[in-house]
Amino acid sequence: QVQLMESGGGSVQAGGSLRLSCAASIPFYRQYCMAWFRQAPGKEHEGVAFFDRFGTFAYYADSVKGRFTISKANAKNTFYLRMNSLKLEDTAMYYCAGESGTSGANCASPRSHTAYNYWGQGAKVTVSS
């Protein structure tokens with residue numbers, strides 16, 4: 001059974017940094033795409049990064065481009081979201097998500113959260129002034 005588990009959320013002052021982790025128990029042989037979404041209170045899901053299983057191809061939302069970076073741990077199915085220069089508006093619950101059936105460069109394009117069939121429990125990020 002596929003499982004995703006985030007960790008690394010917390011509180012930080014504006015301008016600070018955090019790194020979120022997503023441990024994915026997805027069989028290595030399966031094709032899949034990954035993404036990081038966030039949802040602020042009272043708002044819709046917002047996709048912030050879309051990438052392939054190797055972290056080779058990635059797309060970032062304009063709201064985080066240049067500040068957020070995804071990466072993957074070597075020899076592990078663990079993905080990271082490094083968040084620098086955090087702003088108040090980055091405050092949200094962050095989720096890693098997986099979608100099976102697509103791979104490679106096709107993963108690096110923005111899609112609705114409804115396209116993803118695997119979800120972690122979320123990690124809360126709070127940015128204060």
# chains A, B, ... in the order shown; residues from 1 in each chain; ligands from 1
$ residues_around --residues "Asp62 in chain A" --least-positions-apart "3" --cutoff "10 Å" --atoms "only C-alpha atoms" --output "list in words"
Val48, Ala49, Tyr59, Lys65, Gly66 and Arg67 of chain A
$ write_last_selection --atoms "all heavy atoms" --output "short mmCIF file (atom, residue, chain, number, x, y, z; two decimals), in the first residue's frame"
data_model
loop_
_atom_site.label_atom_id
_atom_site.label_comp_id
_atom_site.auth_asym_id
_atom_site.auth_seq_id
_atom_site.Cartn_x
_atom_site.Cartn_y
_atom_site.Cartn_z
N VAL A 48 2.48 23.95 -5.39
CA VAL A 48 3.68 24.78 -5.37
C VAL A 48 4.83 24.16 -6.15
O VAL A 48 5.69 24.89 -6.66
CB VAL A 48 4.13 25.10 -3.93
CG1 VAL A 48 3.05 25.88 -3.20
CG2 VAL A 48 4.48 23.84 -3.16
N ALA A 49 4.87 22.83 -6.26
CA ALA A 49 5.95 22.19 -7.01
C ALA A 49 5.45 20.86 -7.56
O ALA A 49 4.77 20.11 -6.87
CB ALA A 49 7.17 21.97 -6.13
N TYR A 59 8.58 21.74 -11.86
CA TYR A 59 7.87 22.99 -12.18
C TYR A 59 7.49 23.64 -10.86
O TYR A 59 7.00 22.97 -9.95
CB TYR A 59 6.63 22.69 -13.02
CG TYR A 59 5.75 23.89 -13.25
CD1 TYR A 59 5.89 24.66 -14.40
CD2 TYR A 59 4.78 24.27 -12.31
CE1 TYR A 59 5.07 25.77 -14.62
CE2 TYR A 59 3.98 25.37 -12.52
CZ TYR A 59 4.13 26.12 -13.67
OH TYR A 59 3.35 27.21 -13.87
N LYS A 65 8.58 30.39 -6.93
CA LYS A 65 9.75 30.23 -7.80
C LYS A 65 10.91 31.08 -7.30
O LYS A 65 10.74 32.25 -6.95
CB LYS A 65 9.38 30.63 -9.22
CG LYS A 65 10.35 30.17 -10.29
CD LYS A 65 9.83 30.49 -11.67
CE LYS A 65 8.56 29.74 -11.97
NZ LYS A 65 8.04 30.03 -13.33
N GLY A 66 12.08 30.45 -7.22
CA GLY A 66 13.27 31.14 -6.75
C GLY A 66 13.45 31.06 -5.24
O GLY A 66 14.51 31.41 -4.73
N ARG A 67 12.41 30.63 -4.53
CA ARG A 67 12.49 30.52 -3.07
C ARG A 67 12.38 29.08 -2.60
O ARG A 67 13.01 28.70 -1.59
CB ARG A 67 11.38 31.35 -2.42
CG ARG A 67 11.41 32.82 -2.74
CD ARG A 67 10.40 33.60 -1.92
NE ARG A 67 9.02 33.17 -2.18
CZ ARG A 67 8.20 32.69 -1.24
NH1 ARG A 67 8.61 32.56 0.00
NH2 ARG A 67 6.95 32.35 -1.56
#
$ residues_around --residues "Thr78 in chain A" --least-positions-apart "2" --cutoff "12 Å" --atoms "only C-alpha atoms" --output "ChimeraX atom specification"
/A:3-7,20-26,28,34,53-55,70-76,80-81,96
$ residues_around --residues "Val12 in chain A" --least-positions-apart "6" --cutoff "7 Å" --atoms "only C-alpha atoms" --output "ChimeraX atom specification"
/A:126-128
$ residues_around --residues "range 106-119 of chain A" --least-positions-apart "2" --cutoff "9 Å" --atoms "only C-alpha atoms" --output "ChimeraX atom specification"
/A:2-5,32-35,37,45-53,57-61,95-100,102-104,121-122
$ select_by_dssp --residues "chain A" --states "strand (DSSP E)" --output "ChimeraX atom specification"
/A:4-7,10-13,18-24,32-39,46-52,58-60,68-72,78-83,92-100,118-119,123-128
$ atom_distance --atom1 "CA of Gly8 in chain A" --atom2 "CA of Ser63 in chain A"
20.7 Å
$ atom_distance --atom1 "CA of Leu86 in chain A" --atom2 "CA of Leu18 in chain A"
8.2 Å
$ atom_distance --atom1 "CA of Glu89 in chain A" --atom2 "CA of Gly120 in chain A"
21.8 Å
